[in-house]
file run-v8.cif (mmCIF, C-alpha atoms and all ligand atoms)
data_final
loop_
_atom_site.group_PDB
_atom_site.id
_atom_site.type_symbol
_atom_site.label_atom_id
_atom_site.label_comp_id
_atom_site.auth_asym_id
_atom_site.auth_seq_id
_atom_site.Cartn_x
_atom_site.Cartn_y
_atom_site.Cartn_z
ATOM 1 C CA MET G 1 -9.412 -40.863 40.737
ATOM 2 C CA SER G 2 -7.255 -37.730 40.668
ATOM 3 C CA SER G 3 -8.021 -35.053 43.235
ATOM 4 C CA LEU G 4 -6.501 -32.337 41.070
ATOM 5 C CA PRO G 5 -8.888 -29.615 39.872
ATOM 6 C CA SER G 6 -9.760 -29.566 36.183
ATOM 7 C CA ILE G 7 -9.374 -26.618 33.867
ATOM 8 C CA GLY G 8 -11.040 -26.109 30.505
ATOM 9 C CA VAL G 9 -9.259 -24.421 27.622
ATOM 10 C CA LEU G 10 -11.121 -22.689 24.772
ATOM 11 C CA VAL G 11 -9.292 -22.221 21.461
ATOM 12 C CA SER G 12 -10.092 -21.115 17.928
ATOM 13 C CA GLY G 13 -6.727 -21.522 16.234
ATOM 14 C CA SER G 14 -3.153 -22.689 16.493
ATOM 15 C CA GLY G 15 -3.219 -23.264 20.227
ATOM 16 C CA SER G 16 0.423 -22.495 20.982
ATOM 17 C CA ASN G 17 -0.685 -21.129 24.365
ATOM 18 C CA LEU G 18 -2.655 -24.323 24.917
ATOM 19 C CA GLN G 19 0.565 -26.206 24.176
ATOM 20 C CA ALA G 20 2.444 -24.149 26.762
ATOM 21 C CA ILE G 21 -0.268 -24.973 29.313
ATOM 22 C CA ILE G 22 -0.181 -28.687 28.416
ATOM 23 C CA ASP G 23 3.617 -28.705 28.764
ATOM 24 C CA ALA G 24 3.462 -26.956 32.139
ATOM 25 C CA VAL G 25 0.789 -29.357 33.422
ATOM 26 C CA GLU G 26 2.742 -32.394 32.222
ATOM 27 C CA ALA G 27 5.913 -31.020 33.841
ATOM 28 C CA GLY G 28 4.040 -30.777 37.143
ATOM 29 C CA CYS G 29 4.288 -26.962 37.204
ATOM 30 C CA ILE G 30 0.524 -26.378 37.367
ATOM 31 C CA PRO G 31 -1.482 -28.404 39.911
ATOM 32 C CA CYS G 32 -4.381 -29.406 37.680
ATOM 33 C CA LYS G 33 -5.471 -31.554 34.838
ATOM 34 C CA ILE G 34 -6.858 -30.258 31.572
ATOM 35 C CA GLY G 35 -10.377 -31.676 31.614
ATOM 36 C CA VAL G 36 -11.444 -30.570 28.158
ATOM 37 C CA VAL G 37 -10.400 -28.409 25.221
ATOM 38 C CA ILE G 38 -13.264 -26.821 23.300
ATOM 39 C CA SER G 39 -13.098 -25.090 19.936
ATOM 40 C CA ASN G 40 -15.643 -23.261 17.815
ATOM 41 C CA LYS G 41 -13.527 -24.137 14.748
ATOM 42 C CA ALA G 42 -13.444 -27.720 13.526
ATOM 43 C CA ASP G 43 -9.976 -27.291 12.010
ATOM 44 C CA ALA G 44 -8.349 -25.521 14.969
ATOM 45 C CA TYR G 45 -4.872 -26.988 15.377
ATOM 46 C CA GLY G 46 -5.371 -26.662 19.128
ATOM 47 C CA LEU G 47 -7.751 -29.642 18.924
ATOM 48 C CA VAL G 48 -5.009 -31.740 17.316
ATOM 49 C CA ARG G 49 -2.574 -30.727 20.047
ATOM 50 C CA ALA G 50 -5.073 -31.691 22.756
ATOM 51 C CA ARG G 51 -5.916 -35.062 21.220
ATOM 52 C CA SER G 52 -2.258 -35.948 20.840
ATOM 53 C CA HIS G 53 -1.928 -35.537 24.612
ATOM 54 C CA GLY G 54 -5.018 -37.619 25.350
ATOM 55 C CA ILE G 55 -7.132 -34.628 26.386
ATOM 56 C CA PRO G 56 -10.884 -34.804 25.622
ATOM 57 C CA THR G 57 -11.962 -32.311 22.960
ATOM 58 C CA GLU G 58 -15.262 -30.856 21.836
ATOM 59 C CA PHE G 59 -16.060 -28.919 18.685
ATOM 60 C CA VAL G 60 -19.019 -26.564 19.056
ATOM 61 C CA ASP G 61 -19.947 -24.598 15.943
ATOM 62 C CA HIS G 62 -21.196 -21.200 17.062
ATOM 63 C CA ARG G 63 -23.034 -20.826 13.729
ATOM 64 C CA SER G 64 -25.458 -23.565 14.641
ATOM 65 C CA PHE G 65 -26.917 -21.556 17.539
ATOM 66 C CA ASP G 66 -29.596 -18.881 17.290
ATOM 67 C CA SER G 67 -27.886 -16.520 19.680
ATOM 68 C CA ARG G 68 -24.607 -15.906 21.504
ATOM 69 C CA GLU G 69 -26.411 -16.782 24.725
ATOM 70 C CA ALA G 70 -27.522 -20.170 23.400
ATOM 71 C CA PHE G 71 -23.961 -20.938 22.265
ATOM 72 C CA ASP G 72 -22.589 -19.859 25.644
ATOM 73 C CA ALA G 73 -25.178 -21.914 27.522
ATOM 74 C CA HIS G 74 -24.059 -24.971 25.590
ATOM 75 C CA LEU G 75 -20.396 -24.295 26.409
ATOM 76 C CA VAL G 76 -21.316 -23.955 30.081
ATOM 77 C CA LYS G 77 -23.129 -27.280 29.968
ATOM 78 C CA ILE G 78 -20.075 -29.020 28.539
ATOM 79 C CA LEU G 79 -17.672 -27.364 30.984
ATOM 80 C CA ARG G 80 -19.895 -28.296 33.925
ATOM 81 C CA SER G 81 -20.013 -31.885 32.750
ATOM 82 C CA TYR G 82 -16.213 -31.932 33.141
ATOM 83 C CA ASP G 83 -16.391 -30.270 36.559
ATOM 84 C CA ILE G 84 -14.227 -27.364 35.380
ATOM 85 C CA ARG G 85 -12.914 -24.996 38.056
ATOM 86 C CA LEU G 86 -11.151 -22.515 35.777
ATOM 87 C CA VAL G 87 -11.720 -21.630 32.126
ATOM 88 C CA CYS G 88 -8.720 -20.431 30.113
ATOM 89 C CA LEU G 89 -9.267 -18.643 26.827
ATOM 90 C CA ALA G 90 -6.305 -19.255 24.546
ATOM 91 C CA GLY G 91 -6.929 -17.531 21.242
ATOM 92 C CA PHE G 92 -10.687 -18.086 21.509
ATOM 93 C CA MET G 93 -12.218 -15.658 19.028
ATOM 94 C CA ARG G 94 -15.728 -15.269 20.462
ATOM 95 C CA LEU G 95 -17.008 -12.704 22.904
ATOM 96 C CA LEU G 96 -18.599 -14.297 25.954
ATOM 97 C CA THR G 97 -21.963 -13.131 27.260
ATOM 98 C CA PRO G 98 -23.186 -12.799 30.851
ATOM 99 C CA THR G 99 -24.711 -16.266 30.408
ATOM 100 C CA PHE G 100 -21.194 -17.673 30.389
ATOM 101 C CA LEU G 101 -19.558 -15.234 32.785
ATOM 102 C CA GLY G 102 -22.338 -15.669 35.347
ATOM 103 C CA ALA G 103 -21.648 -19.402 35.378
ATOM 104 C CA PHE G 104 -17.913 -18.852 36.004
ATOM 105 C CA PRO G 105 -17.639 -15.549 37.879
ATOM 106 C CA MET G 106 -13.976 -14.439 38.028
ATOM 107 C CA ARG G 107 -13.057 -17.900 36.890
ATOM 108 C CA VAL G 108 -12.316 -17.105 33.231
ATOM 109 C CA LEU G 109 -8.800 -16.049 32.248
ATOM 110 C CA ASN G 110 -7.585 -14.671 28.927
ATOM 111 C CA ILE G 111 -4.199 -13.870 27.422
ATOM 112 C CA HIS G 112 -3.938 -10.692 25.375
ATOM 113 C CA PRO G 113 -0.960 -9.688 23.183
ATOM 114 C CA ALA G 114 -0.477 -6.144 24.518
ATOM 115 C CA LEU G 115 0.095 -4.331 27.784
ATOM 116 C CA LEU G 116 -3.516 -3.610 28.742
ATOM 117 C CA PRO G 117 -5.236 -1.241 29.096
ATOM 118 C CA SER G 118 -3.287 -0.131 26.003
ATOM 119 C CA PHE G 119 -4.247 -1.721 22.731
ATOM 120 C CA PRO G 120 -7.281 -3.888 23.457
ATOM 121 C CA GLY G 121 -9.008 -5.657 20.579
ATOM 122 C CA THR G 122 -7.824 -8.038 17.923
ATOM 123 C CA HIS G 123 -4.664 -6.275 16.688
ATOM 124 C CA GLY G 124 -2.543 -5.680 19.784
ATOM 125 C CA PRO G 125 0.914 -5.985 18.146
ATOM 126 C CA ARG G 126 -0.107 -3.950 15.073
ATOM 127 C CA ASP G 127 -1.645 -1.186 17.169
ATOM 128 C CA ALA G 128 1.412 -1.007 19.446
ATOM 129 C CA LEU G 129 3.719 -0.797 16.440
ATOM 130 C CA ASN G 130 1.628 1.877 14.732
ATOM 131 C CA TYR G 131 1.492 3.953 17.893
ATOM 132 C CA GLY G 132 5.285 3.908 18.279
ATOM 133 C CA VAL G 133 5.506 2.609 21.849
ATOM 134 C CA ARG G 134 8.963 1.408 22.932
ATOM 135 C CA PHE G 135 7.658 -1.508 24.979
ATOM 136 C CA SER G 136 4.812 -3.888 24.490
ATOM 137 C CA GLY G 137 4.060 -7.308 25.922
ATOM 138 C CA CYS G 138 1.209 -9.473 27.039
ATOM 139 C CA THR G 139 -1.412 -9.476 29.751
ATOM 140 C CA VAL G 140 -3.245 -12.268 31.526
ATOM 141 C CA HIS G 141 -6.542 -10.951 32.829
ATOM 142 C CA PHE G 142 -9.868 -12.133 34.106
ATOM 143 C CA ILE G 143 -12.693 -11.749 31.652
ATOM 144 C CA ASP G 144 -15.438 -9.317 32.517
ATOM 145 C CA GLU G 145 -18.205 -7.973 30.331
ATOM 146 C CA GLY G 146 -15.997 -5.448 28.510
ATOM 147 C CA ILE G 147 -13.485 -6.070 25.745
ATOM 148 C CA ASP G 148 -10.115 -6.825 27.381
ATOM 149 C CA THR G 149 -11.072 -4.759 30.428
ATOM 150 C CA GLY G 150 -11.044 -7.350 33.219
ATOM 151 C CA PRO G 151 -8.759 -7.378 36.279
ATOM 152 C CA ILE G 152 -5.090 -7.868 35.387
ATOM 153 C CA VAL G 153 -3.304 -10.886 36.850
ATOM 154 C CA ALA G 154 0.132 -10.794 35.206
ATOM 155 C CA GLN G 155 2.037 -9.019 32.468
ATOM 156 C CA ALA G 156 5.312 -9.538 30.639
ATOM 157 C CA VAL G 157 7.167 -6.812 28.766
ATOM 158 C CA VAL G 158 9.139 -6.944 25.522
ATOM 159 C CA PRO G 159 10.972 -4.159 23.675
ATOM 160 C CA VAL G 160 9.625 -2.816 20.395
ATOM 161 C CA TYR G 161 12.307 -2.162 17.763
ATOM 162 C CA GLU G 162 12.192 0.289 14.895
ATOM 163 C CA ASP G 163 12.654 -2.450 12.314
ATOM 164 C CA ASP G 164 9.924 -4.661 13.797
ATOM 165 C CA THR G 165 7.097 -5.902 11.641
ATOM 166 C CA GLU G 166 3.754 -6.887 13.090
ATOM 167 C CA GLU G 167 4.897 -10.499 12.751
ATOM 168 C CA SER G 168 8.273 -10.074 14.460
ATOM 169 C CA LEU G 169 6.712 -8.180 17.360
ATOM 170 C CA ALA G 170 3.856 -10.674 17.700
ATOM 171 C CA ALA G 171 6.379 -13.535 17.777
ATOM 172 C CA ARG G 172 8.416 -11.832 20.517
ATOM 173 C CA ILE G 173 5.254 -11.274 22.544
ATOM 174 C CA LEU G 174 3.998 -14.830 21.964
ATOM 175 C CA LYS G 175 7.156 -16.265 23.507
ATOM 176 C CA GLU G 176 6.379 -14.355 26.689
ATOM 177 C CA GLU G 177 2.728 -15.413 26.573
ATOM 178 C CA HIS G 178 3.905 -19.003 26.818
ATOM 179 C CA ARG G 179 5.757 -18.211 30.043
ATOM 180 C CA VAL G 180 3.297 -15.905 31.738
ATOM 181 C CA TYR G 181 0.010 -17.737 31.080
ATOM 182 C CA PRO G 182 0.953 -21.010 32.829
ATOM 183 C CA MET G 183 2.362 -18.971 35.716
ATOM 184 C CA ALA G 184 -0.899 -17.034 36.120
ATOM 185 C CA ILE G 185 -2.945 -20.239 36.000
ATOM 186 C CA ARG G 186 -0.732 -21.710 38.705
ATOM 187 C CA LEU G 187 -1.237 -18.658 40.928
ATOM 188 C CA PHE G 188 -5.008 -18.966 40.483
ATOM 189 C CA LEU G 189 -5.080 -22.678 41.287
ATOM 190 C CA GLU G 190 -2.801 -22.224 44.277
ATOM 191 C CA GLU G 191 -5.395 -19.694 45.493
ATOM 192 C CA LYS G 192 -2.807 -16.924 45.629
ATOM 193 C CA LEU G 193 -5.067 -14.418 43.833
ATOM 194 C CA THR G 194 -7.544 -12.129 45.514
ATOM 195 C CA ILE G 195 -9.583 -9.512 43.708
ATOM 196 C CA SER G 196 -10.670 -6.249 45.217
ATOM 197 C CA GLU G 197 -12.302 -3.430 43.274
ATOM 198 C CA LYS G 198 -10.994 -4.627 39.925
ATOM 199 C CA LYS G 199 -7.460 -5.123 41.222
ATOM 200 C CA VAL G 200 -5.818 -8.492 41.585
ATOM 201 C CA PHE G 201 -3.487 -9.096 44.523
ATOM 202 C CA THR G 202 -0.962 -11.928 44.659
ATOM 203 C CA GLY G 203 0.255 -11.374 48.225
ATOM 204 C CA ASN G 204 3.504 -10.195 46.645
ATOM 205 C CA ALA G 205 4.149 -13.594 45.091
ATOM 206 C CA GLY G 206 7.051 -13.254 42.667
ATOM 207 C CA ARG G 207 7.848 -9.637 43.497
ATOM 208 C CA ILE G 208 10.603 -8.252 41.226
ATOM 209 C CA SER G 209 13.473 -6.532 42.959
ATOM 210 C CA GLY G 210 15.406 -3.731 41.275
ATOM 211 C CA PHE G 211 13.649 -3.838 37.912
ATOM 212 C CA SER G 212 14.454 -1.087 35.492
ATOM 213 C CA CYS G 213 14.575 -1.078 31.730
ATOM 214 C CA ARG G 214 15.148 1.454 28.962
ATOM 215 C CA ASN G 215 14.561 1.371 25.229
ATOM 216 C CA PRO G 216 16.665 2.724 23.602
ATOM 217 C CA ASP G 217 19.349 1.759 26.078
ATOM 218 C CA THR G 218 22.328 3.724 24.843
HETATM 219 C C1 LIG R 301 -2.276 -15.026 21.063
HETATM 220 O O1 LIG R 301 -1.583 -13.961 20.483
HETATM 221 C C2 LIG R 301 -3.088 -14.540 22.216
HETATM 222 O O2 LIG R 301 -2.508 -13.463 22.874
HETATM 223 C C3 LIG R 301 -4.371 -14.095 21.554
HETATM 224 O O3 LIG R 301 -4.578 -15.025 20.530
HETATM 225 C C4 LIG R 301 -3.340 -15.602 20.135
HETATM 226 C C5 LIG R 301 -3.481 -17.080 20.279
HETATM 227 O O4 LIG R 301 -2.366 -17.761 19.804
HETATM 228 N N1 LIG R 301 -5.444 -14.036 22.498
HETATM 229 P P1 LIG R 301 -2.280 -19.337 19.979
HETATM 230 O O5 LIG R 301 -3.514 -19.930 19.312
HETATM 231 O O6 LIG R 301 -2.227 -19.633 21.441
HETATM 232 O O7 LIG R 301 -1.031 -19.735 19.264
#
call {"tool": "encode", "arguments": {"input": "run-v8.cif", "output": "structure tokens", "more": "lines below"}}
Ligand code: GRF
result
Amino acid sequence: MSSLPSIGVLVSGSGSNLQAIIDAVEAGCIPCKIGVVISNKADAYGLVRARSHGIPTEFVDHRSFDSREAFDAHLVKILRSYDIRLVCLAGFMRLLTPTFLGAFPMRVLNIHPALLPSFPGTHGPRDALNYGVRFSGCTVHFIDEGIDTGPIVAQAVVPVYEDDTEESLAARILKEEHRVYPMAIRLFLEEKLTISEKKVFTGNAGRISGFSCRNPDT
């Protein structure tokens, strides 16, 4: 029996972040196994990705529960049955209630396609583009009871160009998501993260030296 901790990944759609996590685990870059992938959508491509790598999957239709809490309690039951240490949301389109968060306190990560606290919600790339910011990016954060308000673990930055569309910007951000999410999961599992008053500390792991960036850079 493997002594590696298990993580659970929750998806609702394509699961390209799930794929990045699977690839990193298989390459030995994250010290864990993926115990289970759960989706609230039967046709989520993330489920196909998981199955093709031999990972157990569960489909749980949120519409068949009377309340968000009942749905969350069921998810918790499944995750506990797989002895999950960390839950990773990867395009999971349901808000989690205290029922879920209480079962996994500061043990639920999410990836968001914007530089939080700017542009929370479901349209990060569109909102960044409409605002006219020169940089956007992605954020890995712990989930708390707010919407995209939890402690920030890692961010990656991309430039925003004047001829970007929502799609081109989202694609540029997504590429960075695939790098930064596995890295953040690794830091968590290596117990490099400590949280104090809403701030996450990594003990200076991966400190950048001499970073500076301009856009436009003429
Ligand atoms: C990503 O943009 C992620 O930031 C957001 O949902 C999207 C999921 O994409 N939370 P995928 O399913 O991982 O391809």
call {"tool": "closest_residue", "arguments": {"input": "run-v8.cif", "among": "G:Gly54, G:Gly46, G:Pro125, G:Gly15", "to": "His112 of chain G", "atoms": "all atoms listed in the file"}}
result
G:Pro125
call {"tool": "atom_distance", "arguments": {"input": "run-v8.cif", "atom1": "atom CA of Phe92 of chain G", "atom2": "atom CA of Pro5 of chain G"}}
result
21.8 Å
call {"tool": "closest_residue", "arguments": {"input": "run-v8.cif", "among": "G:Lys192, G:Arg85, G:Arg134, G:Arg172", "to": "ligand LIG 301 (chain R)", "atoms": "all atoms listed in the file"}}
result
G:Arg172
call {"tool": "closest_atom_pairs", "arguments": {"input": "run-v8.cif", "of": "chain G", "to": "ligand LIG 301 (chain R)", "cutoff": "10 Å", "atoms": "all atoms listed in the file", "output": "tab-separated table"}}
result
residue	atom	partner	partner_atom	distance
G:Leu10	CA	R:LIG301	O5	9.8
G:Val11	CA	R:LIG301	O5	6.6
G:Ser12	CA	R:LIG301	O5	6.8
G:Gly13	CA	R:LIG301	O5	4.7
G:Ser14	CA	R:LIG301	O5	4.0
G:Gly15	CA	R:LIG301	O5	3.5
G:Ser16	CA	R:LIG301	O7	3.6
G:Asn17	CA	R:LIG301	O6	3.6
G:Leu18	CA	R:LIG301	O6	5.9
G:Gln19	CA	R:LIG301	O6	7.6
G:Ala20	CA	R:LIG301	O6	8.4
G:Ile21	CA	R:LIG301	O6	9.7
G:Ala44	CA	R:LIG301	O5	8.6
G:Tyr45	CA	R:LIG301	O5	8.2
G:Gly46	CA	R:LIG301	O5	7.0
G:Leu89	CA	R:LIG301	N1	7.4
G:Ala90	CA	R:LIG301	O6	5.1
G:Gly91	CA	R:LIG301	O3	3.5
G:Phe92	CA	R:LIG301	N1	6.7
G:Met93	CA	R:LIG301	N1	7.8
G:Asn110	CA	R:LIG301	N1	6.8
G:Ile111	CA	R:LIG301	O2	4.9
G:His112	CA	R:LIG301	O2	4.0
G:Pro113	CA	R:LIG301	O2	4.1
G:Ala114	CA	R:LIG301	O2	7.8
G:Gly121	CA	R:LIG301	N1	9.3
G:Thr122	CA	R:LIG301	C3	7.9
G:His123	CA	R:LIG301	O1	9.1
G:Gly124	CA	R:LIG301	O1	8.4
G:Pro125	CA	R:LIG301	O1	8.7
G:Gly137	CA	R:LIG301	O2	9.5
G:Cys138	CA	R:LIG301	O2	6.9
G:Thr139	CA	R:LIG301	O2	8.0
G:Val140	CA	R:LIG301	O2	8.8
G:Asp148	CA	R:LIG301	N1	9.9
G:Ala170	CA	R:LIG301	O1	6.9
G:Ala171	CA	R:LIG301	O1	8.4
G:Ile173	CA	R:LIG301	O1	7.6
G:Leu174	CA	R:LIG301	O1	5.8
G:Lys175	CA	R:LIG301	O1	9.5
G:Glu176	CA	R:LIG301	O2	9.7
G:Glu177	CA	R:LIG301	O2	6.7
G:His178	CA	R:LIG301	O6	8.2
G:Tyr181	CA	R:LIG301	O2	9.6
call {"tool": "closest_residue", "arguments": {"input": "run-v8.cif", "among": "G:Arg63, G:Phe71, G:Val180, G:Gly132", "to": "Asp163 of chain G", "atoms": "only C-alpha atoms"}}
result
G:Gly132
call {"tool": "closest_residue", "arguments": {"input": "run-v8.cif", "among": "G:Val108, G:Val200, G:Leu47, G:Leu86", "to": "Lys33 of chain G", "atoms": "all atoms listed in the file"}}
result
G:Leu86
call {"tool": "residues_near_point", "arguments": {"input": "run-v8.cif", "point": "(-21.3, -26.1, 31.6)", "cutoff": "12 Å", "atoms": "all atoms listed in the file", "output": "ChimeraX atom specification"}}
result
/G:8,36,38,70-87,99-104
call {"tool": "resolve_selection", "arguments": {"input": "run-v8.cif", "expression": "the PyMOL selection byres (((chain G and resi 213) around 12) and not hetatm)", "output": "number ranges by chain"}}
result
G: 134-135, 157-159, 210-212, 214-218
call {"tool": "atom_distance", "arguments": {"input": "run-v8.cif", "atom1": "atom CA of Ala128 of chain G", "atom2": "atom CA of Ile208 of chain G"}}
result
24.7 Å
call {"tool": "atom_distance", "arguments": {"input": "run-v8.cif", "atom1": "atom CA of Asp127 of chain G", "atom2": "atom CA of Asn40 of chain G"}}
result
26.1 Å
